[in-house]
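Enquirer: A single structure is presented below for examination.
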Amino acid sequence: MTIRKFSAYARRTLALIALAAATPAAHAQTGAATYPDKSVRLVVPFAAGGALDVVGRIVGQKMTDTWGKQIVVDNRLGAGGNIGAEFVAKAPPDGYTLLMSSVTTQAINMSLLTKPPYDFVRDYAAVALVASAPLALVIHTSLPAKSVKEFIAIARAHPGELNYFSSGTGTGTHLAGVIFDQLTGVKTTHVPYKGGAQGLGDLLSGQVQYAMSTIGLVEPHVQTGRLRFLGVGSIKRYTRLPNLPTIAESGVKGYEAEQWYGVVAPTGTPPAIVNKLAAEIKVIVANPEVRERFYSQGIEPVYAGPEEFTGYIKSSVAKYAKVIKTLGLKVD
């Protein structure tokens, strides 16, 4: 082969290599440009009616309105959120199956479960943090307690007799009750449900006496006098209920119980699609109508993009790993 022919051959070879290298990126860009061109499944791993479901439906409807493609909310509940979360982890990484994630599925279960069915950091691409919600100690009004201190006194006088509901074993509302018992030295009984809305019915009937609940779920019944707030689990008092003291300032030093909600996709989802989703969610969270709807449900609108949300998930995992190890908690 002559030098001239070799040079021509080399140029063609290099061009083919460059084309092959550029093809995945080009396909990703093309996919992002037309995404979504069909309906998108947004999996909510808890029952309809809870805070996570409410957030998912608000976000999903706004995305449907903007893109003209249906965002289908799919409630796949069970196993403390793990059934829905595992389904998304194993879904094709094409942006058409997303998870409405929470502190339970992305952080708590990482350390709480003996054999987790997925890796809570490795198997997902963080899209965006959407909101947070403090949990509040709420009781049935058949209990005479008017403060956290009085509630603790009643619980100590009746060990194991007070029941509280959660949205499932291993969820944030479950762990909030466990931590409360540990820090106060009381003994209460956990009653798990498949979602907060289901447990609410038994709280209203008095079959369970209290809960560590999202505010939006129970506030309407507090207003009618059927339930009573005693304290809020956030570090600072909740903006919409400034007269409600925090549980920590009520004498339970170090107590904190707050949920967060966000959207994640299966690992391998093209960054261009992740970024397109994140940009749309940022617009949604800033929408005044959406913010007001969040606030009316006891939810704080909070946005963080893919990189920041990834760090937030990792820090939450580390935080709850420390708490769970200290308390010696495990769920099989």
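All residue names refer to the structure tokens as shown: chains lettered A, B, ... in order, residues numbered from 1 in each chain, ligands numbered from 1 in order.
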I need the residues of region 97-278 of chain A that end up classed as strand (DSSP E) by DSSP on the backbone, written out as a ChimeraX atom specification.

Expert: /A:97-102,124-140,163-166,189-192,210-214,227-232,258-266

Enquirer: Just asking: which residues within region 27-173 of chain A are alpha helix (DSSP H) according to DSSP, as a ChimeraX atom specification?

Expert: /A:27-34,51-67,82-89,103,109-112,148-157,172-173

Enquirer: Kindly give the distance, in Å, that separates CA of Lys325 (chain A) and CA of Ala79 (chain A), rounded to a single decimal.

Expert: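 Separation between CA of Lys325 (chain A) and CA of Ala79 (chain A): 20.8 Å.
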
Enquirer: Please identify all polymer residues within 9 Å of Ser234 (chain A), counting only C-alpha atoms, omitting same-chain residues fewer than 3 positions from it, and present them as a PDB file with N, CA and C atoms, in the first residue's frame.

Expert:
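In the end it all went to around_10.pdb:
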ATOM      1  N   ALA A 133     -41.797  17.836  53.752  1.00  0.00           N
ATOM      2  CA  ALA A 133     -42.968  17.948  54.620  1.00  0.00           C
ATOM      3  C   ALA A 133     -42.613  17.508  56.035  1.00  0.00           C
ATOM      4  N   PRO A 134     -42.786  18.387  57.009  1.00  0.00           N
ATOM      5  CA  PRO A 134     -42.544  17.970  58.391  1.00  0.00           C
ATOM      6  C   PRO A 134     -43.640  17.031  58.855  1.00  0.00           C
ATOM      7  N   LEU A 135     -43.288  16.107  59.740  1.00  0.00           N
ATOM      8  CA  LEU A 135     -44.279  15.237  60.355  1.00  0.00           C
ATOM      9  C   LEU A 135     -44.716  15.865  61.686  1.00  0.00           C
ATOM     10  N   ALA A 136     -45.975  15.683  62.002  1.00  0.00           N
ATOM     11  CA  ALA A 136     -46.512  16.252  63.237  1.00  0.00           C
ATOM     12  C   ALA A 136     -47.060  15.150  64.126  1.00  0.00           C
ATOM     13  N   ARG A 237     -40.287  25.797  63.595  1.00  0.00           N
ATOM     14  CA  ARG A 237     -41.740  25.734  63.529  1.00  0.00           C
ATOM     15  C   ARG A 237     -42.212  25.841  62.081  1.00  0.00           C
ATOM     16  N   TYR A 238     -43.296  25.138  61.787  1.00  0.00           N
ATOM     17  CA  TYR A 238     -43.832  25.123  60.435  1.00  0.00           C
ATOM     18  C   TYR A 238     -44.451  26.475  60.116  1.00  0.00           C
ATOM     19  N   THR A 246     -42.300  22.915  68.120  1.00  0.00           N
ATOM     20  CA  THR A 246     -41.610  21.723  67.638  1.00  0.00           C
ATOM     21  C   THR A 246     -41.548  20.700  68.766  1.00  0.00           C
ATOM     22  N   ILE A 247     -41.427  19.447  68.399  1.00  0.00           N
ATOM     23  CA  ILE A 247     -41.327  18.390  69.405  1.00  0.00           C
ATOM     24  C   ILE A 247     -40.032  18.549  70.202  1.00  0.00           C
ATOM     25  N   ALA A 248     -38.981  18.996  69.519  1.00  0.00           N
ATOM     26  CA  ALA A 248     -37.694  19.200  70.196  1.00  0.00           C
ATOM     27  C   ALA A 248     -37.795  20.271  71.266  1.00  0.00           C
ATOM     28  N   TYR A 255     -35.004  15.663  68.609  1.00  0.00           N
ATOM     29  CA  TYR A 255     -35.994  15.006  67.755  1.00  0.00           C
ATOM     30  C   TYR A 255     -36.179  15.769  66.451  1.00  0.00           C
ATOM     31  N   GLU A 256     -36.200  15.013  65.364  1.00  0.00           N
ATOM     32  CA  GLU A 256     -36.454  15.593  64.039  1.00  0.00           C
ATOM     33  C   GLU A 256     -37.128  14.539  63.170  1.00  0.00           C
ATOM     34  N   ALA A 257     -38.212  14.906  62.510  1.00  0.00           N
ATOM     35  CA  ALA A 257     -38.925  13.987  61.624  1.00  0.00           C
ATOM     36  C   ALA A 257     -39.513  14.783  60.468  1.00  0.00           C
ATOM     37  N   GLU A 258     -38.925  14.600  59.313  1.00  0.00           N
ATOM     38  CA  GLU A 258     -39.355  15.367  58.143  1.00  0.00           C
ATOM     39  C   GLU A 258     -39.207  14.497  56.898  1.00  0.00           C
TER      40      GLU A 258
END

Enquirer: Let me make sure I understand: among A:Thr114, A:Ser296, A:Asn287, A:Thr269, which one has the smallest atom-to-atom distance to Pro92 (chain A) if we use only C-alpha atoms?

Expert: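 For Pro92 (chain A), the nearest of the candidates is A:Thr269.
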
Enquirer: So which residues touch Leu143 (chain A) within 9 Å, counting only C-alpha atoms, skipping near sequence neighbours fewer than 4 positions away, as a count of residues only?

Expert: 4

Enquirer: Could you please determine the separation between CA of Gly254 (chain A) and CA of Ser132 (chain A) in Å, to one decimal place?

Expert: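 Calculated distance between CA of Gly254 (chain A) and CA of Ser132 (chain A) is 19.1 Å.
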
Enquirer: Using only C-alpha atoms, what table do you get, as a tab-separated table, when you list each residue of region 68-89 of chain A with an atom no more than 6 Å from region 37-52 of chain A, its nearest pair of atoms, and their distance in Å rounded to one decimal, rows by chain then rising number?

Expert:
residue	atom	partner	partner_atom	distance
A:Lys69	CA	A:Ser39	CA	5.3
A:Gln70	CA	A:Ser39	CA	4.7
A:Ile71	CA	A:Val40	CA	4.8
A:Val72	CA	A:Arg41	CA	4.9
A:Val73	CA	A:Leu42	CA	4.8
A:Asp74	CA	A:Val43	CA	4.7
A:Asn75	CA	A:Val44	CA	4.8
A:Arg76	CA	A:Pro45	CA	4.9
A:Leu77	CA	A:Phe46	CA	4.5
A:Gly81	CA	A:Pro45	CA	4.7
A:Gly84	CA	A:Pro45	CA	4.4

Enquirer: Now that the selection is made, can you save its residues with C-alpha atoms as a compact mmCIF listing (two decimals), in the first residue's frame?

Expert:
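Now in result_15.txt:
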# COMPACT_ATOMS: atom_id res chain seq x y z
CA LYS A 69 -48.44 13.49 26.71
CA GLN A 70 -50.11 11.70 29.57
CA ILE A 71 -48.11 11.28 32.78
CA VAL A 72 -49.75 8.19 34.26
CA VAL A 73 -49.52 7.94 38.05
CA ASP A 74 -49.12 4.26 38.95
CA ASN A 75 -49.60 3.41 42.65
CA ARG A 76 -47.49 0.27 43.20
CA LEU A 77 -47.65 -0.10 46.93
CA GLY A 81 -42.32 1.39 49.21
CA GLY A 84 -42.68 0.24 43.42

Enquirer: Using only C-alpha atoms, pick whichever of A:Asn243, A:Asn275, A:Thr141, A:Ser315 has the shortest atom-to-atom distance to Tyr35 (chain A).

Expert: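 Among the listed residues, the smallest separation from Tyr35 (chain A) belongs to A:Asn275.
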
Enquirer: What lies within 12 Å of Val191 (chain A) using only C-alpha atoms, ignoring chain neighbours under 3 positions off, as a VMD selection string?

Expert: chain A and resid 160 to 171 173 to 174 177 to 178 188 194 to 196 198 to 200 202 to 203 207 to 212

Enquirer: Take the selection from the previous step and output its residues with N, CA and C atoms, as a CSV table (one decimal), in the first residue's frame.

Expert:
chain,number,residue,atom,x,y,z
A,160,GLY,N,-47.2,0.4,76.1
A,160,GLY,CA,-47.7,-0.5,75.1
A,160,GLY,C,-49.1,-0.4,74.7
A,161,GLU,N,-49.9,0.5,75.4
A,161,GLU,CA,-51.3,0.6,75.2
A,161,GLU,C,-51.7,1.6,74.1
A,162,LEU,N,-50.8,2.5,73.8
A,162,LEU,CA,-51.1,3.5,72.8
A,162,LEU,C,-50.6,3.1,71.5
A,163,ASN,N,-51.4,3.1,70.5
A,163,ASN,CA,-51.1,2.6,69.1
A,163,ASN,C,-50.9,3.8,68.2
A,164,TYR,N,-49.9,3.7,67.3
A,164,TYR,CA,-49.8,4.7,66.2
A,164,TYR,C,-49.7,4.0,64.9
A,165,PHE,N,-50.3,4.7,63.9
A,165,PHE,CA,-50.3,4.2,62.5
A,165,PHE,C,-49.1,4.8,61.7
A,166,SER,N,-48.7,4.0,60.7
A,166,SER,CA,-47.7,4.5,59.8
A,166,SER,C,-48.1,4.0,58.4
A,167,SER,N,-47.5,4.6,57.4
A,167,SER,CA,-47.8,4.2,56.0
A,167,SER,C,-47.1,2.9,55.6
A,168,GLY,N,-46.5,2.2,56.5
A,168,GLY,CA,-45.9,0.9,56.3
A,168,GLY,C,-44.6,0.7,57.1
A,169,THR,N,-44.3,-0.6,57.4
A,169,THR,CA,-43.1,-0.9,58.1
A,169,THR,C,-41.8,-0.4,57.4
A,170,GLY,N,-41.0,0.4,58.1
A,170,GLY,CA,-39.8,0.9,57.6
A,170,GLY,C,-39.9,2.2,56.9
A,171,THR,N,-41.1,2.8,56.9
A,171,THR,CA,-41.3,4.1,56.3
A,171,THR,C,-40.9,5.2,57.3
A,173,THR,N,-42.7,7.5,58.5
A,173,THR,CA,-43.7,7.7,59.6
A,173,THR,C,-43.6,6.6,60.7
A,174,HIS,N,-43.1,5.4,60.3
A,174,HIS,CA,-42.8,4.4,61.3
A,174,HIS,C,-41.6,4.8,62.1
A,177,GLY,N,-41.9,7.3,64.8
A,177,GLY,CA,-42.5,6.8,66.0
A,177,GLY,C,-41.5,6.1,66.9
A,178,VAL,N,-40.6,5.3,66.2
A,178,VAL,CA,-39.6,4.5,66.9
A,178,VAL,C,-38.6,5.5,67.6
A,188,THR,N,-44.8,2.4,72.9
A,188,THR,CA,-46.0,2.4,72.2
A,188,THR,C,-46.0,1.3,71.1
A,194,LYS,N,-50.9,0.2,54.4
A,194,LYS,CA,-50.3,0.3,53.1
A,194,LYS,C,-50.2,1.8,52.6
A,195,GLY,N,-50.7,2.7,53.4
A,195,GLY,CA,-50.6,4.1,53.1
A,195,GLY,C,-51.2,4.9,54.2
A,196,GLY,N,-50.8,6.2,54.3
A,196,GLY,CA,-51.3,7.1,55.3
A,196,GLY,C,-52.8,7.3,55.3
A,198,GLN,N,-55.1,5.2,54.6
A,198,GLN,CA,-55.8,4.1,55.2
A,198,GLN,C,-55.7,4.1,56.7
A,199,GLY,N,-54.5,4.5,57.2
A,199,GLY,CA,-54.4,4.6,58.7
A,199,GLY,C,-55.2,5.7,59.3
A,200,LEU,N,-55.4,6.7,58.5
A,200,LEU,CA,-56.2,7.9,59.0
A,200,LEU,C,-57.6,7.5,59.5
A,202,ASP,N,-58.6,4.7,60.8
A,202,ASP,CA,-58.6,4.1,62.2
A,202,ASP,C,-58.2,5.1,63.2
A,203,LEU,N,-57.4,6.1,62.9
A,203,LEU,CA,-57.1,7.2,63.8
A,203,LEU,C,-58.4,8.0,64.1
A,207,GLN,N,-59.4,3.7,66.9
A,207,GLN,CA,-58.7,2.4,67.0
A,207,GLN,C,-57.2,2.5,67.2
A,208,VAL,N,-56.6,3.6,66.6
A,208,VAL,CA,-55.3,3.9,66.9
A,208,VAL,C,-55.4,5.3,67.5
A,209,GLN,N,-54.4,5.6,68.5
A,209,GLN,CA,-54.6,6.8,69.2
A,209,GLN,C,-53.8,8.0,68.7
A,210,TYR,N,-52.7,7.7,68.0
A,210,TYR,CA,-51.9,8.9,67.5
A,210,TYR,C,-51.1,8.5,66.3
A,211,ALA,N,-50.4,9.5,65.7
A,211,ALA,CA,-49.6,9.2,64.5
A,211,ALA,C,-48.5,10.3,64.4
A,212,MET,N,-47.5,10.0,63.7
A,212,MET,CA,-46.5,11.0,63.3
A,212,MET,C,-46.8,11.1,61.8
